[in-house]
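As provided, structure-v5.tsv (TSV, C-alpha atoms) reads as follows.
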chain	number	residue	atom	x	y	z
A	2	MET	CA	-27.14	23.73	38.32
A	3	THR	CA	-27.65	27.19	36.84
A	4	LEU	CA	-23.90	27.69	36.50
A	5	ALA	CA	-23.52	24.32	34.82
A	6	ARG	CA	-26.26	25.10	32.32
A	7	SER	CA	-24.72	28.48	31.64
A	8	ALA	CA	-21.32	26.93	30.97
A	9	MET	CA	-22.85	24.36	28.65
A	10	GLY	CA	-24.69	27.08	26.81
A	11	ARG	CA	-21.53	29.11	26.28
A	12	GLY	CA	-19.82	26.02	24.87
A	13	GLY	CA	-22.38	25.82	22.10
A	14	PRO	CA	-23.30	22.75	20.07
A	15	GLU	CA	-20.59	20.31	18.99
A	16	PRO	CA	-19.50	21.26	15.45
A	17	GLN	CA	-20.40	18.61	12.91
A	18	ARG	CA	-17.40	16.64	11.74
A	19	PRO	CA	-17.15	15.55	8.09
A	20	PRO	CA	-17.97	11.86	7.64
A	21	GLY	CA	-15.72	9.53	5.71
A	22	ARG	CA	-16.74	9.08	2.09
A	23	PRO	CA	-16.52	5.55	0.67
A	24	VAL	CA	-15.50	5.33	-2.98
A	25	ARG	CA	-16.19	2.16	-4.96
A	26	GLY	CA	-15.79	1.16	-8.58
A	27	THR	CA	-12.70	1.33	-10.75
A	28	ARG	CA	-13.53	4.68	-12.38
A	29	ARG	CA	-14.38	6.42	-9.13
A	30	VAL	CA	-11.38	5.03	-7.30
A	31	SER	CA	-9.14	6.10	-10.19
A	32	ALA	CA	-10.63	9.60	-10.10
A	33	ALA	CA	-10.16	9.78	-6.33
A	34	LEU	CA	-6.49	8.80	-6.62
A	35	ALA	CA	-5.95	11.37	-9.37
A	36	GLY	CA	-7.61	14.01	-7.18
A	37	LEU	CA	-5.37	13.17	-4.24
A	38	ALA	CA	-2.27	13.38	-6.44
A	39	ALA	CA	-3.33	16.78	-7.74
A	40	SER	CA	-4.05	18.15	-4.26
A	41	VAL	CA	-0.61	17.51	-2.74
A	42	ARG	CA	1.26	20.67	-1.82
A	43	GLN	CA	3.61	19.99	1.10
A	44	GLU	CA	3.63	16.49	2.56
A	45	LEU	CA	2.81	12.94	1.53
A	46	LEU	CA	2.74	10.15	4.11
A	47	THR	CA	2.07	6.54	3.16
A	48	PHE	CA	1.89	3.03	4.49
A	49	ASP	CA	2.57	1.10	1.31
A	50	ASP	CA	2.83	-2.58	0.44
A	51	PRO	CA	3.62	-2.90	-3.29
A	52	VAL	CA	3.55	-6.68	-2.98
A	53	ALA	CA	-0.08	-6.79	-1.79
A	54	SER	CA	-1.56	-6.17	-5.24
A	55	MET	CA	0.81	-8.47	-7.12
A	56	SER	CA	-1.01	-11.67	-6.22
A	57	ARG	CA	-4.44	-10.21	-7.03
A	58	ALA	CA	-6.21	-10.17	-10.37
A	59	ILE	CA	-6.04	-6.39	-10.73
A	60	PRO	CA	-6.16	-4.99	-14.28
A	61	GLU	CA	-2.80	-3.65	-15.34
A	62	PRO	CA	-4.25	-0.32	-16.57
A	63	PHE	CA	-5.41	0.38	-13.01
A	64	LEU	CA	-1.99	-0.52	-11.59
A	65	GLU	CA	-0.31	1.75	-14.13
A	66	LEU	CA	-2.70	4.61	-13.32
A	67	ALA	CA	-2.21	4.17	-9.57
A	68	GLY	CA	1.56	4.20	-10.07
A	69	ALA	CA	1.34	7.34	-12.22
A	70	CYS	CA	-0.79	9.07	-9.58
A	71	MET	CA	1.71	8.21	-6.86
A	72	ARG	CA	4.62	9.48	-8.94
A	73	ALA	CA	2.75	12.72	-9.64
A	74	ALA	CA	2.01	13.18	-5.93
A	75	VAL	CA	5.65	12.52	-5.04
A	76	ASP	CA	6.83	15.07	-7.60
A	77	ARG	CA	4.51	17.71	-6.11
A	78	ALA	CA	5.25	17.10	-2.43
A	79	ALA	CA	8.07	18.85	-0.60
A	80	GLU	CA	8.27	16.01	1.93
A	81	VAL	CA	7.62	12.33	1.22
A	82	ARG	CA	7.73	9.65	3.90
A	83	ARG	CA	6.93	6.14	2.79
A	84	ILE	CA	6.77	3.14	5.14
A	85	VAL	CA	6.89	-0.37	3.70
A	86	PRO	CA	6.76	-3.84	5.33
A	87	ARG	CA	9.94	-5.90	5.49
A	88	HIS	CA	8.68	-8.54	3.05
A	89	ALA	CA	8.43	-5.84	0.36
A	90	VAL	CA	12.09	-4.84	0.59
A	91	PRO	CA	13.18	-7.12	-2.31
A	92	HIS	CA	10.70	-5.26	-4.52
A	93	VAL	CA	11.41	-1.66	-3.51
A	94	ALA	CA	15.13	-1.91	-2.69
A	95	GLY	CA	15.91	-2.87	-6.25
A	96	ALA	CA	14.02	0.04	-7.76
A	97	ALA	CA	16.03	2.50	-9.79
A	98	ARG	CA	14.66	5.43	-7.78
A	99	ILE	CA	12.97	5.44	-4.41
A	100	PRO	CA	10.99	8.69	-4.24
A	101	GLY	CA	11.40	10.75	-1.10
A	102	ARG	CA	12.42	8.95	2.07
A	103	ALA	CA	11.45	5.39	2.91
A	104	ARG	CA	11.68	3.26	6.03
A	105	VAL	CA	10.98	-0.39	6.75
A	106	ILE	CA	9.01	-1.94	9.62
A	107	ASP	CA	8.10	-5.58	10.17
A	108	THR	CA	4.46	-5.14	9.08
A	109	ILE	CA	2.28	-2.17	8.25
A	110	PRO	CA	-1.11	-1.94	10.02
A	111	PHE	CA	-2.95	-1.04	6.80
A	112	LYS	CA	-2.35	0.72	3.52
A	113	MET	CA	-2.77	4.49	3.77
A	114	ILE	CA	-2.20	7.81	2.03
A	115	VAL	CA	-2.23	11.14	3.93
A	116	VAL	CA	-2.01	14.39	1.99
A	117	ASP	CA	-0.87	17.58	3.73
A	118	ARG	CA	-2.39	16.32	7.02
A	119	VAL	CA	-5.76	17.38	5.63
A	120	ILE	CA	-7.16	14.35	3.84
A	121	ALA	CA	-6.44	10.63	4.07
A	122	ALA	CA	-7.38	7.57	2.06
A	123	VAL	CA	-7.43	3.98	3.31
A	124	PRO	CA	-8.62	0.91	1.40
A	125	LEU	CA	-12.04	-0.36	2.47
A	126	ASP	CA	-10.42	-3.77	3.01
A	127	LEU	CA	-7.28	-2.11	4.49
A	128	GLU	CA	-5.10	-3.85	1.87
A	129	ILE	CA	-5.63	-2.72	-1.73
A	130	LEU	CA	-7.17	0.44	-3.14
A	131	TYR	CA	-8.68	-1.32	-6.15
A	132	ASN	CA	-11.45	-2.79	-3.97
A	133	GLY	CA	-12.54	0.68	-2.87
A	134	LEU	CA	-11.28	3.34	-0.53
A	135	LEU	CA	-12.48	5.63	2.24
A	136	LEU	CA	-11.69	9.34	1.92
A	137	ILE	CA	-11.30	10.89	5.36
A	138	ARG	CA	-11.41	14.63	6.09
A	139	ASP	CA	-12.26	14.53	9.78
A	140	PRO	CA	-9.30	16.44	11.30
A	141	ILE	CA	-9.26	14.29	14.44
A	142	VAL	CA	-9.12	11.03	12.49
A	143	VAL	CA	-6.54	12.42	10.06
A	144	GLN	CA	-4.38	13.55	12.97
A	145	ALA	CA	-4.66	10.08	14.55
A	146	LEU	CA	-3.46	8.52	11.27
A	147	VAL	CA	-0.56	10.99	11.13
A	148	ARG	CA	0.45	10.03	14.67
A	149	ALA	CA	0.29	6.33	13.79
A	150	HIS	CA	2.57	7.02	10.84
A	151	HIS	CA	5.02	9.04	12.95
A	152	THR	CA	5.20	6.27	15.56
A	153	SER	CA	6.03	3.68	12.90
A	154	TRP	CA	8.48	6.06	11.23
A	155	ASP	CA	10.39	6.61	14.48
A	156	THR	CA	10.84	2.86	14.98
A	157	GLY	CA	11.56	2.03	11.32
A	158	GLN	CA	14.81	1.30	9.54
A	159	GLU	CA	16.02	3.43	6.66
A	160	LEU	CA	15.50	1.66	3.35
A	161	VAL	CA	18.71	3.10	1.93
A	162	GLY	CA	21.52	0.60	2.25
A	163	LEU	CA	19.39	-2.51	2.66
A	164	ALA	CA	20.40	-5.48	0.57
A	165	PRO	CA	19.07	-5.57	-3.03
A	166	PRO	CA	16.89	-8.47	-4.10
A	167	ALA	CA	18.50	-11.85	-4.56
A	168	ARG	CA	19.17	-12.85	-8.15
A	169	SER	CA	18.32	-16.51	-7.64
A	170	LEU	CA	14.93	-18.01	-6.85
A	171	SER	CA	14.53	-18.99	-3.21
A	172	PRO	CA	13.61	-22.66	-2.55
A	173	GLN	CA	10.28	-21.73	-0.95
A	174	LEU	CA	9.18	-19.90	-4.11
A	175	ARG	CA	10.16	-22.66	-6.54
A	176	PRO	CA	6.92	-24.70	-6.04
A	177	VAL	CA	4.87	-21.50	-6.31
A	178	LEU	CA	6.44	-20.69	-9.67
A	179	GLU	CA	5.79	-24.25	-10.86
A	180	ALA	CA	2.14	-23.99	-9.77
A	181	LEU	CA	1.74	-20.74	-11.71
A	182	LEU	CA	3.33	-22.23	-14.81
A	183	ALA	CA	1.02	-25.24	-14.53
A	184	GLY	CA	-1.98	-22.93	-14.62
A	185	LEU	CA	-3.38	-24.12	-11.29
A	186	THR	CA	-5.98	-22.04	-9.54
A	187	ASP	CA	-4.87	-20.47	-6.26
A	188	GLU	CA	-7.16	-22.77	-4.29
A	189	THR	CA	-5.84	-25.92	-6.00
A	190	ALA	CA	-2.21	-24.80	-5.73
A	191	ALA	CA	-2.54	-23.91	-2.05
A	192	ALA	CA	-4.09	-27.30	-1.27
A	193	ARG	CA	-1.47	-29.18	-3.29
A	194	LEU	CA	1.40	-27.33	-1.59
A	195	GLY	CA	-0.11	-27.71	1.86
A	196	MET	CA	-0.48	-23.96	2.41
A	197	SER	CA	-3.36	-21.81	3.53
A	198	PRO	CA	-4.83	-19.65	0.73
A	199	ARG	CA	-3.51	-16.57	2.53
A	200	THR	CA	0.03	-17.95	2.72
A	201	TYR	CA	-0.05	-18.99	-0.94
A	202	SER	CA	-1.29	-15.54	-1.94
A	203	ARG	CA	1.56	-13.95	0.00
A	204	ARG	CA	4.11	-16.25	-1.65
A	205	VAL	CA	2.76	-15.36	-5.09
A	206	GLY	CA	3.24	-11.70	-4.19
A	207	GLU	CA	6.82	-12.40	-3.12
A	208	LEU	CA	7.44	-14.24	-6.39
A	209	MET	CA	6.05	-11.36	-8.43
A	210	ALA	CA	8.24	-8.94	-6.48
A	211	ALA	CA	11.31	-11.09	-7.15
A	212	LEU	CA	10.44	-11.11	-10.85
A	213	GLY	CA	9.73	-7.38	-10.92
A	214	THR	CA	6.31	-7.74	-12.53
A	215	THR	CA	2.66	-7.41	-11.57
A	216	SER	CA	1.45	-9.70	-14.35
A	217	ARG	CA	1.15	-13.46	-13.90
A	218	PHE	CA	1.29	-13.81	-17.68
A	219	ARG	CA	4.64	-12.03	-17.81
A	220	ALA	CA	5.95	-13.90	-14.77
A	221	GLY	CA	6.58	-17.07	-16.78
A	222	ALA	CA	8.45	-15.21	-19.51
A	223	GLU	CA	10.56	-13.33	-16.97
A	224	ALA	CA	11.33	-16.53	-15.06
A	225	ALA	CA	12.43	-18.16	-18.30
A	226	ARG	CA	14.58	-15.16	-19.18
A	227	ARG	CA	16.36	-15.50	-15.84
A	228	GLY	CA	16.86	-19.21	-16.30
A	229	TRP	CA	14.58	-20.15	-13.40
A	230	VAL	CA	12.61	-22.67	-15.50
So that I can check it, write out the structure of this file as structure tokens.
Amino acid sequence: MTLARSAMGRGGPEPQRPPGRPVRGTRRVSAALAGLAASVRQELLTFDDPVASMSRAIPEPFLELAGACMRAAVDRAAEVRRIVPRHAVPHVAGAARIPGRARVIDTIPFKMIVVDRVIAAVPLDLEILYNGLLLIRDPIVVQALVRAHHTSWDTGQELVGLAPPARSLSPQLRPVLEALLAGLTDETAAARLGMSPRTYSRRVGELMAALGTTSRFRAGAEAARRGWV
């Protein structure tokens, strides 16, 4: 018993680990993203689904700022590894420039940013940063997120060489486009098309990706320009 107590005493108290810091509100989330972009020195790891925000009513200034922050982080990092879900390929494969390296897996577990294996950010709802994010500095948790990323990266497919987006509107997206042009609410459109709200939301995201826009207002004009309506 004495030896056990002595060993425990030599071990000392467990060092306090930094708690995650939730960030809410558009201004604070924007500032947090800008801070992450400015802090990158060596490596940027992400789980990213650019389609996820396209079906949400997110202000375009926030989307533009988030995009600018990501581009700034990419420009600063020596190594960039981005993992996207397969349904987002039509959106990212047609981009003029894919920053860093990118791989595709069937689905991502959550959206995530890891900077230099020191700090991570995940959305509070695990899907979009606009609704708030959790800043994580606990080295054990950050390392676990890095391992999750590496596991997905090892099993992913290189984005380079995948087929570009189709130039015609797929039959399953035609009724979604018509519902948007008719000005139906998501709930009404989903019920009329016999879809769950989640499925309809995903289809809207796919439509926005096919049109190359994040704005529902611009979607109609772009669809008309392409001769889809």
Polymer residues at most 9 Å from stretch 68-84 of chain A, only C-alpha atoms, same-chain spacing of 3 or more positions, as a ChimeraX atom specification:
/A:31,34-50,63-65,100-106,109,116-117,150,153-154,157
When you draw a straight line from atom CA of A:Pro23 to atom CA of A:Ala89, how long is it in Å?
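Separating atom CA of A:Pro23 from atom CA of A:Ala89 is a distance of 27.4 Å.
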Figure out the distance between atom CA of A:Leu127 and atom CA of A:Pro110, please, to one decimal in Å.
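We find that atom CA of A:Pro110 and atom CA of A:Leu127 lie 8.3 Å from each other.
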Among listed residues A:Leu66, A:Ile114, A:Ile141, A:Val52, nearest A:Pro20 (using all atoms listed in the file)
A:Ile141
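Those residues that approach A:Ala121 to within 6 Å, counting only C-alpha atoms, are Ile114, Val115, Leu136 and Ile137 of chain A; same-chain residues fewer than 6 positions away are not listed.
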So what do you get for atom CA of A:Val147 versus atom CA of A:Ser202, distance-wise?
29.6 Å
Which residues are near A:Gly21? Cut-off 12 Å, only C-alpha atoms, ignore same chain within fewer than 5 positions. Put them as a list in words.
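These residues fall inside the cut-off: Ile120, Ala121, Ala122, Val123, Pro124, Leu125, Leu134, Leu135, Leu136, Ile137, Arg138, Asp139, Pro140, Ile141, Val142 and Val143 of chain A.
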Next, dump the selected residues to file, keeping only C-alpha atoms, as a PDB file, keeping the file's coordinate frame.
ATOM      1  CA  ILE A 120      -7.160  14.350   3.840  1.00  0.00           C
ATOM      2  CA  ALA A 121      -6.440  10.630   4.070  1.00  0.00           C
ATOM      3  CA  ALA A 122      -7.380   7.570   2.060  1.00  0.00           C
ATOM      4  CA  VAL A 123      -7.430   3.980   3.310  1.00  0.00           C
ATOM      5  CA  PRO A 124      -8.620   0.910   1.400  1.00  0.00           C
ATOM      6  CA  LEU A 125     -12.040  -0.360   2.470  1.00  0.00           C
ATOM      7  CA  LEU A 134     -11.280   3.340  -0.530  1.00  0.00           C
ATOM      8  CA  LEU A 135     -12.480   5.630   2.240  1.00  0.00           C
ATOM      9  CA  LEU A 136     -11.690   9.340   1.920  1.00  0.00           C
ATOM     10  CA  ILE A 137     -11.300  10.890   5.360  1.00  0.00           C
ATOM     11  CA  ARG A 138     -11.410  14.630   6.090  1.00  0.00           C
ATOM     12  CA  ASP A 139     -12.260  14.530   9.780  1.00  0.00           C
ATOM     13  CA  PRO A 140      -9.300  16.440  11.300  1.00  0.00           C
ATOM     14  CA  ILE A 141      -9.260  14.290  14.440  1.00  0.00           C
ATOM     15  CA  VAL A 142      -9.120  11.030  12.490  1.00  0.00           C
ATOM     16  CA  VAL A 143      -6.540  12.420  10.060  1.00  0.00           C
TER      17      VAL A 143
END
File output for stretch 105-116 of chain A (all heavy atoms) as an mmCIF file, in the first residue's frame:
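Saved file result_14.cif follows:
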data_model
loop_
_atom_site.group_PDB
_atom_site.id
_atom_site.type_symbol
_atom_site.label_atom_id
_atom_site.label_comp_id
_atom_site.auth_asym_id
_atom_site.auth_seq_id
_atom_site.Cartn_x
_atom_site.Cartn_y
_atom_site.Cartn_z
ATOM 1 N N VAL A 105 -11.755 11.456 -52.356
ATOM 2 C CA VAL A 105 -13.196 11.254 -52.256
ATOM 3 C C VAL A 105 -13.471 9.970 -51.486
ATOM 4 O O VAL A 105 -12.827 8.941 -51.718
ATOM 5 C CB VAL A 105 -13.830 11.162 -53.657
ATOM 6 C CG1 VAL A 105 -15.320 10.885 -53.556
ATOM 7 C CG2 VAL A 105 -13.569 12.434 -54.446
ATOM 8 N N ILE A 106 -14.435 10.037 -50.547
ATOM 9 C CA ILE A 106 -14.944 8.844 -49.884
ATOM 10 C C ILE A 106 -16.465 8.868 -50.022
ATOM 11 O O ILE A 106 -17.036 9.872 -50.445
ATOM 12 C CB ILE A 106 -14.528 8.777 -48.401
ATOM 13 C CG1 ILE A 106 -15.053 9.982 -47.623
ATOM 14 C CG2 ILE A 106 -13.013 8.670 -48.274
ATOM 15 C CD1 ILE A 106 -14.729 9.935 -46.125
ATOM 16 N N ASP A 107 -17.107 7.777 -49.697
ATOM 17 C CA ASP A 107 -18.561 7.712 -49.889
ATOM 18 C C ASP A 107 -19.281 8.795 -49.093
ATOM 19 O O ASP A 107 -20.117 9.528 -49.624
ATOM 20 C CB ASP A 107 -19.084 6.331 -49.505
ATOM 21 C CG ASP A 107 -18.684 5.275 -50.532
ATOM 22 O OD1 ASP A 107 -18.381 5.650 -51.679
ATOM 23 O OD2 ASP A 107 -18.648 4.088 -50.174
ATOM 24 N N THR A 108 -18.993 8.900 -47.811
ATOM 25 C CA THR A 108 -19.578 9.947 -46.962
ATOM 26 C C THR A 108 -18.544 10.385 -45.938
ATOM 27 O O THR A 108 -17.719 9.576 -45.498
ATOM 28 C CB THR A 108 -20.833 9.452 -46.208
ATOM 29 O OG1 THR A 108 -20.477 8.324 -45.387
ATOM 30 C CG2 THR A 108 -21.935 9.062 -47.176
ATOM 31 N N ILE A 109 -18.577 11.646 -45.575
ATOM 32 C CA ILE A 109 -17.698 12.115 -44.506
ATOM 33 C C ILE A 109 -18.445 12.008 -43.175
ATOM 34 O O ILE A 109 -19.662 12.159 -43.138
ATOM 35 C CB ILE A 109 -17.220 13.560 -44.735
ATOM 36 C CG1 ILE A 109 -18.400 14.526 -44.819
ATOM 37 C CG2 ILE A 109 -16.360 13.655 -45.993
ATOM 38 C CD1 ILE A 109 -17.994 15.995 -44.879
ATOM 39 N N PRO A 110 -17.749 11.733 -42.073
ATOM 40 C CA PRO A 110 -18.431 11.593 -40.783
ATOM 41 C C PRO A 110 -18.971 12.911 -40.247
ATOM 42 O O PRO A 110 -19.998 12.945 -39.568
ATOM 43 C CB PRO A 110 -17.348 11.018 -39.865
ATOM 44 C CG PRO A 110 -16.051 11.458 -40.491
ATOM 45 C CD PRO A 110 -16.302 11.465 -41.971
ATOM 46 N N PHE A 111 -18.282 14.003 -40.542
ATOM 47 C CA PHE A 111 -18.669 15.337 -40.103
ATOM 48 C C PHE A 111 -17.758 16.324 -40.812
ATOM 49 O O PHE A 111 -16.736 15.941 -41.375
ATOM 50 C CB PHE A 111 -18.546 15.499 -38.581
ATOM 51 C CG PHE A 111 -17.290 14.892 -38.013
ATOM 52 C CD1 PHE A 111 -16.069 15.550 -38.084
ATOM 53 C CD2 PHE A 111 -17.322 13.638 -37.409
ATOM 54 C CE1 PHE A 111 -14.910 14.990 -37.578
ATOM 55 C CE2 PHE A 111 -16.173 13.053 -36.896
ATOM 56 C CZ PHE A 111 -14.969 13.727 -36.978
ATOM 57 N N LYS A 112 -18.130 17.575 -40.798
ATOM 58 C CA LYS A 112 -17.269 18.602 -41.363
ATOM 59 C C LYS A 112 -16.190 18.944 -40.331
ATOM 60 O O LYS A 112 -16.464 18.945 -39.116
ATOM 61 C CB LYS A 112 -18.076 19.850 -41.725
ATOM 62 C CG LYS A 112 -17.313 20.836 -42.594
ATOM 63 C CD LYS A 112 -18.253 21.776 -43.314
ATOM 64 C CE LYS A 112 -17.483 22.707 -44.235
ATOM 65 N NZ LYS A 112 -18.368 23.527 -45.065
ATOM 66 N N MET A 113 -14.986 19.247 -40.784
ATOM 67 C CA MET A 113 -13.889 19.442 -39.840
ATOM 68 C C MET A 113 -12.754 20.219 -40.484
ATOM 69 O O MET A 113 -12.511 20.120 -41.683
ATOM 70 C CB MET A 113 -13.379 18.072 -39.373
ATOM 71 C CG MET A 113 -12.174 18.125 -38.455
ATOM 72 S SD MET A 113 -11.533 16.454 -38.104
ATOM 73 C CE MET A 113 -10.668 16.101 -39.646
ATOM 74 N N ILE A 114 -12.074 21.008 -39.657
ATOM 75 C CA ILE A 114 -10.839 21.690 -40.055
ATOM 76 C C ILE A 114 -9.809 21.413 -38.965
ATOM 77 O O ILE A 114 -10.092 21.601 -37.779
ATOM 78 C CB ILE A 114 -11.042 23.209 -40.186
ATOM 79 C CG1 ILE A 114 -12.128 23.531 -41.217
ATOM 80 C CG2 ILE A 114 -9.735 23.900 -40.569
ATOM 81 C CD1 ILE A 114 -12.540 25.011 -41.217
ATOM 82 N N VAL A 115 -8.612 20.965 -39.349
ATOM 83 C CA VAL A 115 -7.516 20.779 -38.386
ATOM 84 C C VAL A 115 -6.318 21.563 -38.887
ATOM 85 O O VAL A 115 -5.870 21.373 -40.025
ATOM 86 C CB VAL A 115 -7.137 19.294 -38.217
ATOM 87 C CG1 VAL A 115 -5.985 19.172 -37.206
ATOM 88 C CG2 VAL A 115 -8.331 18.477 -37.732
ATOM 89 N N VAL A 116 -5.802 22.438 -38.040
ATOM 90 C CA VAL A 116 -4.680 23.302 -38.399
ATOM 91 C C VAL A 116 -3.420 22.869 -37.647
ATOM 92 O O VAL A 116 -3.389 22.863 -36.410
ATOM 93 C CB VAL A 116 -4.993 24.780 -38.071
ATOM 94 C CG1 VAL A 116 -3.760 25.652 -38.294
ATOM 95 C CG2 VAL A 116 -6.155 25.266 -38.926
#
